[in-house]
Amino acid sequence: MRKFALKIDDLRHITYDTLMDDLDHRLIALLRADSRAPTATIAATLKVSRGTVQNRIDRLRASGVLLGFTIRLAAEDDPSSVRAVMTIVIEGGRMAQVQRALSGVPAVTATHTTNGRWDLVAELEAPDLPAFSAALDSIRAIDGIAATETSLLLKTTRF
């Protein structure tokens, strides 16, 4: 297991001291897709008991990994959010492991496999710069990631 979870010691310092396993990562991915999904539905999808899901959610909230459940606005409607794309080089044969780990990082909203120099592109969104910086640290600590390059998205034009 790798250390990925965030615990807020105070509003300025974030540490990584909660261990998360594959079930936690899959649970977070489901909550990211629909945080209003009933616990029983999530449990059925994960093939675990409803109590297991509730206990995991409680533990993730107590440790500061899940800070709450909220709506998501279009990023351009939230001027304080930080959005970016991160290109990633993955060490041979570790794509699935890296994508699984990325699915548990709250700031990662999507990943895309690609060709060329980079193996993967991750879309990132965080509520502010400290959370964004913490997400970068978390991602760079994932086993199997050899190199990253991050570009902030300053303005989006939709067609």
# chains A, B, ... in the order shown; residues from 1 in each chain; ligands from 1
>>> select_by_dssp(residues="region 102-136 of chain A", states="strand (DSSP E)", output="list in words")
Val108, Thr109, Ala110, Thr111, His112, Thr113, Leu120, Val121, Ala122, Glu123, Leu124, Glu125 and Ala126 of chain A
>>> residues_around(residues="region 151-153 of chain A", least_positions_apart="2", cutoff="7 Å", atoms="only C-alpha atoms", output="JSON, numbers by chain")
{"A": [83, 84, 85, 86, 149, 155]}
>>> closest_residue(among="A:Asp21, A:Arg94, A:Pro79, A:Thr87", to="Leu60 (chain A)", atoms="only C-alpha atoms")
A:Asp21
>>> residues_around(residues="Thr41 (chain A)", least_positions_apart="3", cutoff="12 Å", atoms="only C-alpha atoms", output="PyMOL selection string")
chain A and resi 27+30-31+34-38+44-51+53-54
>>> closest_residue(among="A:Ala29, A:Leu66, A:Ser81, A:Arg61", to="Leu154 (chain A)", atoms="only C-alpha atoms")
A:Ser81
>>> residues_around(residues="region 105-109 of chain A", least_positions_apart="4", cutoff="12 Å", atoms="only C-alpha atoms", output="PyMOL selection string")
chain A and resi 2-6+16+20+24-33+60+64-69+72+75+81-86+98-101+121-142
>>> residues_around(residues="Gly144 (chain A)", least_positions_apart="6", cutoff="8 Å", atoms="only C-alpha atoms", output="list of chain:residue names")
A:Ile90, A:Glu91, A:Gly92, A:Arg94, A:Met95, A:Gln97, A:Val98
>>> select_by_dssp(residues="chain A", states="alpha helix (DSSP H)", output="ChimeraX atom specification")
/A:22-33,39-46,50-62,95-103,129-140
